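Peer 1: Before I ask anything, let me first share the structure, which is written out below as C-alpha cells.
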Amino acid sequence: MSLSKLAGKGVYVQGNDIDTDRIIPARYLKCVTFDELGPSLFYDVRFESDGTSKGHALDAPQHKGAEILISDENFGCGSSREHAPQAIQKFGLKAVIAGSFAEIFHGNCTTLGIPCVVMDEASRVKLTADIENNPESEIIIDLEGMQVICANAIYPIQMKESTREAFLSSTFDPLDNLLGAKAEIYSTAKKLGYA
Amino acid sequence: MGKNLFQKVWDDHVIRQLDNGQFQVFMALHLIHEVTSPQAFGMLKDKGLSVAYPTRTYATVDHIIPTDNQSRPLADDMAEKMIQVLSEASREHGIEFFAPESGSQGIVHVVGPELGLTQPGMTICCGDSHTATHGAFGCIALGIGTSQVRDVLASQTLAMDPLKVRRIKVDGELSVGVTAKDVILHIIRVLGVNGGVGYAYEYGGSVIDAMTMEERMTVCNMSIEGGARCGYINPDDTTFEFLKGRERVPADFDEACEKWRAYASDSDASYDDEVQISAADIKPTVTWGVTPAQAISIEELVPSPDEVEGLDKNLINDALGYMKLEAGAPIKGTKIDVAFIGSCTNGRLSDFQAAAKAIEGKTVASNVRAIAVPGSEKVDKDARAIGLHEIFEAAGFEWRKPGCSMCLAMNPDKLVGDEICASSSNRNFIGRQGSSTGRTILMSPVMVAAAAIAGSVADAREVFNLTEETS
C-alpha cells in the first residue's frame with residue numbers, strides 16, 4: 001500500500017504544544033490491545049466529566065468524517081505512548097498536518113502509516129480558513145510533489161526525506177526490512193559481547 | 001577531529017543503512033513495562049514471530065501498580081490483567097521479569113541503573129519517553145512506541161535517523177537550595193519544549209561534572225521535555241564508582257571501565273550546536289503553566305500574555321486560565337492541596353534524603369495531602385534502613401510502596417477536581433495527574449517539601465533556613 005497520495009476532509013485542532021496526554025489521557029492507556037481507543041481521542045478536550053460534548057471541532061457536524069487533522073507547532077509532544085497515534089487512526093484520521101512534530105510521536109505515526117507533514121504558519125492560516133469556510137473541501141496530500149492541494153490552492157509541505165521515501169516505497173513499517181539482516185545483527189551482537 | 005559520545009556509540013551499534021536512508025541500529029538493552037509493551041507481544045503473535053534476543057530485554061511493572069495495597073489480584077481488574085499479560089509473555093519468551101515483591105521491582109528507569117543493567121556505551125530503548133534517564137551513564141537511551149517495542153523484540157534493532165548533537169555546558173557553582181531539577185527546568189525554560197527536536201543533548205561543564213549519578217539522572221530524565229530525542233552525560237569516575245559492585249555489572253569491572261571511558265566525547269569532538277548556561281542564573285525553579293518550559297524562578301512573577309504575540313499569547317492565556325493563576329502575581333504563596341515526591345525524575349534515595357533532612361521535626365500543613373513514593377523496592381528498602389520513612393511519616397507524609405504513582409496517575413493516586421499539586425515529577429500537562437482539571441506545579445523534591453510544610457508554593461531556602469553554611 002503506497003501512501004504517496006491521500007485525500008479527505010480536514011479538521012483544525014488549534015494550539016501549539018498539544019501533548020500526547022491531551023491526545024489521549026492516561027486513564028485510557030489501561031488496555032492490552034489498541035482496538036478500542038478511537039472514542040478516547042482528545043477525550044477531556046471534547047467532553048465534560050459527565051460525557052456531554054463541549055462542542056470540539058472533532059465533534060462539529062460539519063467536520064464529521066474528516067480524515068486529515070491540522071494543528072500547530074510541536075504537535076504530539078510528551079509521552080511515547082503509541083496509544084496517541086493509534087487513537088488518531090482508530091478515530092478515522094489518516095494524516096496530520098502541523099507546524100512541527102515531536103519526534104517520538106512522529107516516528108510512531110510513520111510506523112502506523114499516518115503521514116505527518118509540516119506546513120508553514122501562513123499556509124496553515126489560509127488552509128484552515130478555507131476549511132472553516134467550506135468544511136467539505138477536499139484536502140489532497142501529495143507526497144510525490146510535496147504539496148497539499150485544497151480549494152484550488154497549492155501549499156508547499158515538508159517531510160524528512162527518509163520518512164517520505166518510506167511512504168513512497170511502502171516501507172513505513174520497517175519490521176520485515178529489519179528482519180532481513182539476521183546474520184548482520186548477530187555479528188554486531190557478537191562483536192559487542194551480547195551474543 | 002575527534003568524535004562525540006553519540007557518534008562513537010552510534011558507530012558501534014549501526015548494522016547497516018536501509019534503502020530509505022535510515023539506519024538499522026542494534027539495541028544493547030531493552031526495558032519493558034505493563035502499559036506500552038503487552039500489545040507488542042500480541043503483534044509478534046499475529047506475525048508468528050518470536051523474541052530474537054530475550055536476554056537483552058528486562059520487564060517490570062510500574063505505571064499502573066497501586067502504591068497503597070499491592071496484594072494480588074489487584075482491585076483494578078484491567079491493571080491486574082496488564083500485569084498478567086506482561087508476566088506471562090515474559091515467561092513464555094524467556095525474558096527476566098522483576099515482579100512486585102521480588103526486591104527488584106520499581107520504575108523502569110530507576111531499576112535499570114540500580115541493578116547495573118544500564119552501562120556506558122549502550123544503546124537503550126524502552127516504550128517510555130523518560131528512557132533518556134539512562135543517558136546519565138553515557139548511553140544513547142531512546143523512548144519508543146509500541147510498534148518499535150515489537151521491532152526490538154523481533155530483531156533487537158530499530159530503524160532510525162542519526163541525530164544532531166547539542167552540547168549544553170553548565171558552568172559555575174550552584175548556589176544553596178538549587179538542585180539538579182532546577183538545572184534541567186532552567187535549561188528547558190531557556191531552550192523551549194521543542195528546542196531539542198532533531199538533537200541528542202550532551203550535558204557537560206563543571207556543574208554536571210560535580211553532580212552525583214542520581215542528580216545526573218534527574219537532568220537526563222527531562223531531556224524529552226525539551227524536545228530532545230535523548231540526552232547524555234559522558235561517563236567518568238563518578239559513573240564507574242556508582243556502578244561498582246552492582247548486581248549486573250561485568251565480572252571484570254576494571255576492564256569494563258577502560259572500555260566505557262573510551263566512549264566519552266573526545267576533547268576535540270565537534271558538535272552541531274553549543275549552548276552555555278551559567279550556574280549563577282539558576283534559582284529554585286517552579287512551573288506556572290501547562291508545559292515544562294512555562295517555568296519561572298520562585299522569586300519571579302507569573303508572566304503576562306501581553307508580553308508576547310500570536311499563538312504564544314494563546315498559550316499563556318490558556319495556561320493561566322487552566323491553572324487559575326493571575327498574570328503578574330508572585331508564584332510564591334500559591335496555595336497547594338497535594339505534595340508528591342517520587343517519579344523517575346526524583347524518586348531515588350538521595351531525593352528522599354534531601355527532603356527528609358529538610359522536613360525533620362516539621363509538620364505538613366493541614367490543608368495538604370502529602371505522599372512520598374519511592375522509585376523502586378530497593379529505594380524503599382534503603383530508605384527504611386536509615387529511617388527516612390519515619391521522618392516522612394512523623395511530618396505527616398504518607399510513605400507509599402514503589403511505582404510511578406501520581407506522576408501520571410494511572411493507578412489510584414490521582415488529583416481530585418482542580419486540586420493543585422506541588423510535584424517532583426516531570427510533566428505539568430493538562431490533566432496529567434489524573435483529573436481533567438487537576439493542576440501541577442513542577443519543582444525539586446526539597447521545594448515540594450517546602451510547599452508541603454508551608455501549605456503553599458514556597459522558597460525552600462526560606463522555609464528551611466538554607467544558607468551556604470548549613471548546606
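Residue numbering restarts at 1 in every chain; chains get A, B, ... in the order shown in the C-alpha cells, and ligands count up from 1 in that same order.
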If you run DSSP on this backbone, which residues of region 310-390 of chain B come out as strand (DSSP E or B), and could you give them as a VMD selection string?
Peer 2: chain B and resid 330 335 338 to 341 369 to 372 376
Peer 1: Residues near Ile68 (chain A), anyone? I mean within 6 Å using only C-alpha atoms, not counting same-chain ones fewer than 6 positions away, as a PyMOL selection string.
Peer 2: chain A and resi 10+93-96
Peer 1: For Gly347 (chain B), which residue out of B:Arg167, B:Arg229, B:His109, B:Lys362 is the nearest one, using only C-alpha atoms?
Peer 2: B:His109
Peer 1: Near chain A, meaning an atom within 6 Å, which residues of chain B appear when counting only C-alpha atoms? Write them as a list in words.
Peer 2: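 Those within range of chain A come out as Asn20, Gly21, Pro38, Gln39, Asp128, Ser129, Ile144, Gly145, Thr146, Asp151, Ser155 and Met410 of chain B.
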Peer 1: If you run DSSP on the backbone here, which positions in region 281-423 of chain B get helix (DSSP H, G or I)? Please write them as a PyMOL selection string.
Peer 2: chain B and resi 281+305-307+310-323+343-346+349-359+377-385+388-395+405-407
Peer 1: Could you name the residues that touch Asn152 (chain A) at 12 Å or less, counting only C-alpha atoms, but leaving out those on the same chain fewer than 4 positions away, as an MDAnalysis selection string?
Peer 2: chainID A and resid 127 130 137:140 148
Peer 1: Residues of the last selection are to be written out with N, CA and C atoms, as a PDB file, in the first residue's frame.
Peer 2:
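Wrote it out as out-v2.pdb, contents follow:
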```pdb
ATOM      1  N   LEU A 127      -5.145  27.643   4.848  1.00  0.00           N
ATOM      2  CA  LEU A 127      -5.796  26.337   4.694  1.00  0.00           C
ATOM      3  C   LEU A 127      -6.924  26.155   5.712  1.00  0.00           C
ATOM      4  N   ASP A 130      -9.859  28.201   4.812  1.00  0.00           N
ATOM      5  CA  ASP A 130     -10.576  27.544   3.705  1.00  0.00           C
ATOM      6  C   ASP A 130     -11.519  26.468   4.221  1.00  0.00           C
ATOM      7  N   SER A 137     -14.479  20.913   1.660  1.00  0.00           N
ATOM      8  CA  SER A 137     -13.311  20.963   0.764  1.00  0.00           C
ATOM      9  C   SER A 137     -12.441  19.721   0.942  1.00  0.00           C
ATOM     10  N   GLU A 138     -12.026  19.189  -0.163  1.00  0.00           N
ATOM     11  CA  GLU A 138     -11.136  18.034  -0.087  1.00  0.00           C
ATOM     12  C   GLU A 138      -9.687  18.514   0.004  1.00  0.00           C
ATOM     13  N   ILE A 139      -8.968  17.956   0.965  1.00  0.00           N
ATOM     14  CA  ILE A 139      -7.535  18.264   1.082  1.00  0.00           C
ATOM     15  C   ILE A 139      -6.780  17.082   0.485  1.00  0.00           C
ATOM     16  N   ILE A 140      -5.897  17.378  -0.434  1.00  0.00           N
ATOM     17  CA  ILE A 140      -5.081  16.307  -1.027  1.00  0.00           C
ATOM     18  C   ILE A 140      -3.648  16.477  -0.553  1.00  0.00           C
ATOM     19  N   VAL A 148       0.318  20.208  -0.674  1.00  0.00           N
ATOM     20  CA  VAL A 148      -1.071  19.970  -0.299  1.00  0.00           C
ATOM     21  C   VAL A 148      -1.924  20.805  -1.237  1.00  0.00           C
TER      22      VAL A 148
END
```
Peer 1: Do you have the CA of Ile32 (chain B)-CA of Val219 (chain B) distance handy?
Peer 2: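 Between CA of Ile32 (chain B) and CA of Val219 (chain B) the gap works out to 22.0 Å.
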Peer 1: Quick one: residues within 7 Å of region 60-64 of chain A, only C-alpha atoms counted, chain neighbours fewer than 4 positions away excluded, as a PDB file with N, CA and C atoms, in the first residue's frame?
Peer 2:
```pdb
ATOM      1  N   VAL A  11      -9.902  18.808   9.518  1.00  0.00           N
ATOM      2  CA  VAL A  11     -10.405  19.405  10.761  1.00  0.00           C
ATOM      3  C   VAL A  11      -9.223  20.036  11.493  1.00  0.00           C
ATOM      4  N   GLY A  55     -18.502  20.616  22.321  1.00  0.00           N
ATOM      5  CA  GLY A  55     -18.571  21.239  21.007  1.00  0.00           C
ATOM      6  C   GLY A  55     -17.218  21.391  20.342  1.00  0.00           C
ATOM      7  N   HIS A  56     -16.319  20.460  20.596  1.00  0.00           N
ATOM      8  CA  HIS A  56     -14.985  20.480  19.990  1.00  0.00           C
ATOM      9  C   HIS A  56     -15.079  20.308  18.472  1.00  0.00           C
ATOM     10  N   PRO A 135     -16.207  23.409   4.864  1.00  0.00           N
ATOM     11  CA  PRO A 135     -15.722  22.185   5.511  1.00  0.00           C
ATOM     12  C   PRO A 135     -15.699  20.965   4.588  1.00  0.00           C
TER      13      PRO A 135
END
```
Peer 1: Between B:Arg246, B:His63, B:Arg427, B:Arg384, which has the minimum distance to Pro412 (chain B) (counting only C-alpha atoms)?
Peer 2: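 Of the candidates, the smallest distance to Pro412 (chain B) is held by B:His63.
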Peer 1: From the list B:Ala99, B:Ala293, B:Val176, B:Ala319, which residue is nearest Gly192 (chain B) when using only C-alpha atoms?
Peer 2: B:Ala293
Peer 1: What does the distance from CA of Gln24 (chain B) to CA of Leu158 (chain B) come to in Å, to one decimal?
Peer 2: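 Going from CA of Gln24 (chain B) over to CA of Leu158 (chain B) covers 5.6 Å.
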Peer 1: So that I can check the surroundings of Phe41 (chain B), please list as a ChimeraX atom specification every protein, DNA and RNA residue that reaches within 9 Å of it, counting only C-alpha atoms and ignoring chain neighbours fewer than 6 positions away.
Peer 2: /B:50,85-86,89,149-150,153
